[in-house]
Amino acid sequence: MAAVLEGLWNGLVQIVGFWMDHLIFINIILSIVIVFFERREPRTVWTWLLLLYFIPILGIFLYFLIGHDFHKQHMFRTKEIEDAIYSAITKQEEIIIRDEFEPKDPRLRKYLDVVLMNLEAADAVYTADNDIEIYTDGKEKFRALYEAIEQAQEYIHIQYYIIRNDELWQPFEKLLVEKVRQGVEVRLLYDSMGSRTMKGSDWKRLREAGIQVGEFFPALLGRLQLRINYRNHRKIVVIDGKTAFVGGFNIGREYVGLDPKFGYWRDTHLQISGSAVLSLHIRFILDWNYATKQNLFITDRYFEEYKEVCRGEEAVQIVTSGPDSKWQNIRNVYLKMISKARKNIYIQTPYFIPDETIMNAIRIAAMSGVDVRVMIPCKPDHPFVYWATYSYIGDLLEAGAKCYTYDNGFLHAKGMVVDGVVSCYGTANMDIRSFCLNFEVNAVIYSVQTAERLEALFLEDLKYCTRVTPYLYGRRSYLVRLKEQFSRLFSPLL
């Protein structure tokens, strides 16, 4: 036994020695790959180069852990329905280009170029027959979700980034098991990193109960996560093709205010009924097919015409993005909305780490007299991200934007309202990770009714906020400034 251990030790020493002897050569190779073969933003390239040259061992480790570039890899296929999607998109594009597109509210004509961009770049079909409910409280959201699930007759398709086996999940699991016993199909897709606290026995129990379970980017050997980036951050539930939920809430006790660390959890989640449900369902099925190697597109009943006529009046495009997308679709929606603002821009996000283009657009809007207000949490759930966020807030203050910290618990809402006409809410934060590195989904809503509701909620939240004035920001301690600058240095990787 001693001889075996000695042999293993000697082998390890040789491996470490090889890496140390060739450290400079490895750094050069990785630098060439990053600079010449991976089309990254310049500041991201410089961040990696600084890591590789000044902290070489840590830099190499981080590169292999989070540095691999999945961009533009075609991970998802829609060949079974591509013709139908392409036909619908082409018809809508032609109508807009011929100036024959007439939205129900004339104020929405200003945003036809946003609709067209989403059609062409994101394959986001425009639907105008939707009803939307907004939930900002976790208990209310899950109450509505439970009620919708209880009414399911055919299938329940569920996708969450985080699932925790706690007092919120346990009754949820019982409800799903009961629906399976009633003959309803239940599929559950989770992200391996986000739901890492769940045990293998938890998933086994679900499968034995008849629930079909899919895992996105599985961990190695059950626990070892080799992909910190490129996580599936989407939260989608589709029930019988008639009702869908999308937004910021995951499944865990903190999301209903039961975690004393965060207190009350302020989020935004949407319940949609209407034709936009089909777009969310297609997104779920794409992710499910990739994770499970199944093909649900051959199941016609998931794509049948609605038996009931949709009578809603709110227009929606479901926009998705991820590292496999050709364009940063959700980021481009934000950029386009910001550039078109004339009265006000209200932004809520737990993480505010925009790229230079978004940052400049917001500053230009503020300097042009637009009422720009940005709301972030008053406490961190990820310290590095929080301090980087706080540093960018300082840049906005210089341009005349109004910035606030939400003091009534933790702010996790993700979205923006512009001019009381158009809004964009979903799973994407206002940060580089959501724009480039994670798989996200947002609803772009062309509805004065919904925009006014979201504006009213934002203004109500201001009652529980502290305004970060230039004077208050300038008085922050040197320790806080150090945290900000250190975190901002690595913001392209956060």
# chains A, B, ... in the order shown; residues from 1 in each chain; ligands from 1

$ residues_around --residues "stretch 111-116 of chain A" --least-positions-apart "4" --cutoff "10 Å" --atoms "only C-alpha atoms" --output "PDB file with N, CA and C atoms, in the first residue's frame"
ATOM      1  N   ILE A  89     -42.733  34.365 -39.472  1.00  0.00           N
ATOM      2  CA  ILE A  89     -41.842  35.513 -39.340  1.00  0.00           C
ATOM      3  C   ILE A  89     -41.774  36.304 -40.645  1.00  0.00           C
ATOM      4  N   GLN A  92     -44.879  38.443 -41.177  1.00  0.00           N
ATOM      5  CA  GLN A  92     -44.912  39.621 -40.322  1.00  0.00           C
ATOM      6  C   GLN A  92     -43.886  40.659 -40.773  1.00  0.00           C
ATOM      7  N   GLU A  93     -42.713  40.210 -41.183  1.00  0.00           N
ATOM      8  CA  GLU A  93     -41.696  41.144 -41.683  1.00  0.00           C
ATOM      9  C   GLU A  93     -42.200  41.898 -42.910  1.00  0.00           C
ATOM     10  N   GLU A  94     -42.828  41.178 -43.822  1.00  0.00           N
ATOM     11  CA  GLU A  94     -43.317  41.802 -45.053  1.00  0.00           C
ATOM     12  C   GLU A  94     -44.385  42.850 -44.747  1.00  0.00           C
ATOM     13  N   ILE A  96     -44.699  44.641 -42.011  1.00  0.00           N
ATOM     14  CA  ILE A  96     -44.051  45.820 -41.424  1.00  0.00           C
ATOM     15  C   ILE A  96     -43.306  46.614 -42.483  1.00  0.00           C
ATOM     16  N   ILE A  97     -42.566  45.917 -43.338  1.00  0.00           N
ATOM     17  CA  ILE A  97     -41.781  46.598 -44.371  1.00  0.00           C
ATOM     18  C   ILE A  97     -42.687  47.349 -45.339  1.00  0.00           C
ATOM     19  N   ASP A  99     -45.354  48.723 -44.590  1.00  0.00           N
ATOM     20  CA  ASP A  99     -46.054  49.721 -43.782  1.00  0.00           C
ATOM     21  C   ASP A  99     -47.550  49.425 -43.700  1.00  0.00           C
ATOM     22  N   PHE A 101     -48.606  47.348 -41.177  1.00  0.00           N
ATOM     23  CA  PHE A 101     -48.758  46.833 -39.815  1.00  0.00           C
ATOM     24  C   PHE A 101     -49.436  47.888 -38.962  1.00  0.00           C
ATOM     25  N   GLU A 102     -50.568  47.571 -38.392  1.00  0.00           N
ATOM     26  CA  GLU A 102     -51.316  48.520 -37.594  1.00  0.00           C
ATOM     27  C   GLU A 102     -51.516  47.983 -36.174  1.00  0.00           C
ATOM     28  N   PRO A 103     -50.692  48.420 -35.227  1.00  0.00           N
ATOM     29  CA  PRO A 103     -50.903  47.997 -33.837  1.00  0.00           C
ATOM     30  C   PRO A 103     -52.190  48.578 -33.289  1.00  0.00           C
ATOM     31  N   ARG A 107     -49.622  54.524 -30.407  1.00  0.00           N
ATOM     32  CA  ARG A 107     -48.342  54.850 -29.759  1.00  0.00           C
ATOM     33  C   ARG A 107     -47.298  53.763 -29.974  1.00  0.00           C
ATOM     34  N   GLU A 120     -36.250  39.421 -37.135  1.00  0.00           N
ATOM     35  CA  GLU A 120     -35.135  39.038 -37.997  1.00  0.00           C
ATOM     36  C   GLU A 120     -33.977  38.413 -37.232  1.00  0.00           C
ATOM     37  N   ALA A 121     -33.665  38.960 -36.064  1.00  0.00           N
ATOM     38  CA  ALA A 121     -32.477  38.510 -35.338  1.00  0.00           C
ATOM     39  C   ALA A 121     -32.768  37.389 -34.352  1.00  0.00           C
ATOM     40  N   ALA A 122     -33.950  37.415 -33.730  1.00  0.00           N
ATOM     41  CA  ALA A 122     -34.239  36.472 -32.642  1.00  0.00           C
ATOM     42  C   ALA A 122     -35.344  35.471 -32.975  1.00  0.00           C
ATOM     43  N   ASP A 123     -35.868  35.512 -34.191  1.00  0.00           N
ATOM     44  CA  ASP A 123     -36.970  34.614 -34.572  1.00  0.00           C
ATOM     45  C   ASP A 123     -38.122  34.703 -33.579  1.00  0.00           C
ATOM     46  N   ALA A 124     -38.414  35.921 -33.129  1.00  0.00           N
ATOM     47  CA  ALA A 124     -39.430  36.136 -32.109  1.00  0.00           C
ATOM     48  C   ALA A 124     -40.739  36.544 -32.777  1.00  0.00           C
ATOM     49  N   VAL A 125     -41.670  35.617 -32.854  1.00  0.00           N
ATOM     50  CA  VAL A 125     -42.965  35.880 -33.481  1.00  0.00           C
ATOM     51  C   VAL A 125     -43.753  36.875 -32.635  1.00  0.00           C
ATOM     52  N   TYR A 126     -44.410  37.809 -33.306  1.00  0.00           N
ATOM     53  CA  TYR A 126     -45.226  38.839 -32.651  1.00  0.00           C
ATOM     54  C   TYR A 126     -46.647  38.312 -32.497  1.00  0.00           C
ATOM     55  N   VAL A 316     -46.991  40.690 -27.511  1.00  0.00           N
ATOM     56  CA  VAL A 316     -45.795  40.145 -26.859  1.00  0.00           C
ATOM     57  C   VAL A 316     -44.880  39.500 -27.906  1.00  0.00           C
ATOM     58  N   GLN A 317     -43.594  39.676 -27.716  1.00  0.00           N
ATOM     59  CA  GLN A 317     -42.585  38.863 -28.394  1.00  0.00           C
ATOM     60  C   GLN A 317     -41.734  38.182 -27.323  1.00  0.00           C
ATOM     61  N   ASN A 332     -29.764  43.583 -27.065  1.00  0.00           N
ATOM     62  CA  ASN A 332     -30.103  44.494 -28.164  1.00  0.00           C
ATOM     63  C   ASN A 332     -31.502  45.087 -27.996  1.00  0.00           C
ATOM     64  N   VAL A 333     -32.420  44.317 -27.403  1.00  0.00           N
ATOM     65  CA  VAL A 333     -33.745  44.866 -27.096  1.00  0.00           C
ATOM     66  C   VAL A 333     -33.603  46.020 -26.103  1.00  0.00           C
ATOM     67  N   TYR A 334     -32.848  45.794 -25.025  1.00  0.00           N
ATOM     68  CA  TYR A 334     -32.618  46.858 -24.054  1.00  0.00           C
ATOM     69  C   TYR A 334     -32.016  48.094 -24.724  1.00  0.00           C
ATOM     70  N   LYS A 336     -32.087  49.047 -27.850  1.00  0.00           N
ATOM     71  CA  LYS A 336     -33.032  49.698 -28.757  1.00  0.00           C
ATOM     72  C   LYS A 336     -34.081  50.493 -27.969  1.00  0.00           C
ATOM     73  N   MET A 337     -34.581  49.916 -26.892  1.00  0.00           N
ATOM     74  CA  MET A 337     -35.574  50.606 -26.067  1.00  0.00           C
ATOM     75  C   MET A 337     -34.988  51.875 -25.445  1.00  0.00           C
ATOM     76  N   LYS A 340     -34.747  54.746 -27.865  1.00  0.00           N
ATOM     77  CA  LYS A 340     -36.013  55.319 -28.310  1.00  0.00           C
ATOM     78  C   LYS A 340     -36.740  56.094 -27.199  1.00  0.00           C
ATOM     79  N   VAL A 421     -44.959  52.744 -22.305  1.00  0.00           N
ATOM     80  CA  VAL A 421     -45.528  52.118 -23.500  1.00  0.00           C
ATOM     81  C   VAL A 421     -45.013  50.690 -23.692  1.00  0.00           C
ATOM     82  N   VAL A 422     -43.714  50.509 -23.604  1.00  0.00           N
ATOM     83  CA  VAL A 422     -43.093  49.210 -23.883  1.00  0.00           C
ATOM     84  C   VAL A 422     -42.291  48.772 -22.666  1.00  0.00           C
ATOM     85  N   VAL A 444     -40.936  40.766 -24.318  1.00  0.00           N
ATOM     86  CA  VAL A 444     -41.030  42.168 -24.719  1.00  0.00           C
ATOM     87  C   VAL A 444     -42.508  42.454 -24.925  1.00  0.00           C
ATOM     88  N   TYR A 446     -45.573  44.996 -25.743  1.00  0.00           N
ATOM     89  CA  TYR A 446     -45.996  46.237 -26.387  1.00  0.00           C
ATOM     90  C   TYR A 446     -47.424  46.526 -25.916  1.00  0.00           C
TER      91      TYR A 446
END

$ select_by_dssp --residues "stretch 117-338 of chain A" --states "strand (DSSP E or B)" --output "PyMOL selection string"
chain A and resi 126-137+155-160+163+185-191+212-216+220+224+232+236-239+243-247+251+265-273+314-321

$ atom_distance --atom1 "atom CA of A:Asp240" --atom2 "atom CA of A:Tyr190"
19.7 Å

$ residues_around --residues "A:Phe439" --least-positions-apart "2" --cutoff "8 Å" --atoms "only C-alpha atoms" --output "ChimeraX atom specification"
/A:230-234,320-323,434,437,441

$ atom_distance --atom1 "atom CA of A:Ile158" --atom2 "atom CA of A:Pro260"
27.4 Å

$ atom_distance --atom1 "atom CA of A:Ala456" --atom2 "atom CA of A:Met367"
24.2 Å

$ closest_residue --among "A:Lys199, A:Gln485, A:Trp288, A:Val237" --to "A:Leu145" --atoms "only C-alpha atoms"
A:Val237

$ closest_residue --among "A:His269, A:Arg109, A:Arg253, A:Lys174" --to "A:Ala443" --atoms "only C-alpha atoms"
A:His269

$ closest_residue --among "A:Phe435, A:Asp407, A:Asn295, A:Val372" --to "A:Trp327" --atoms "only C-alpha atoms"
A:Phe435
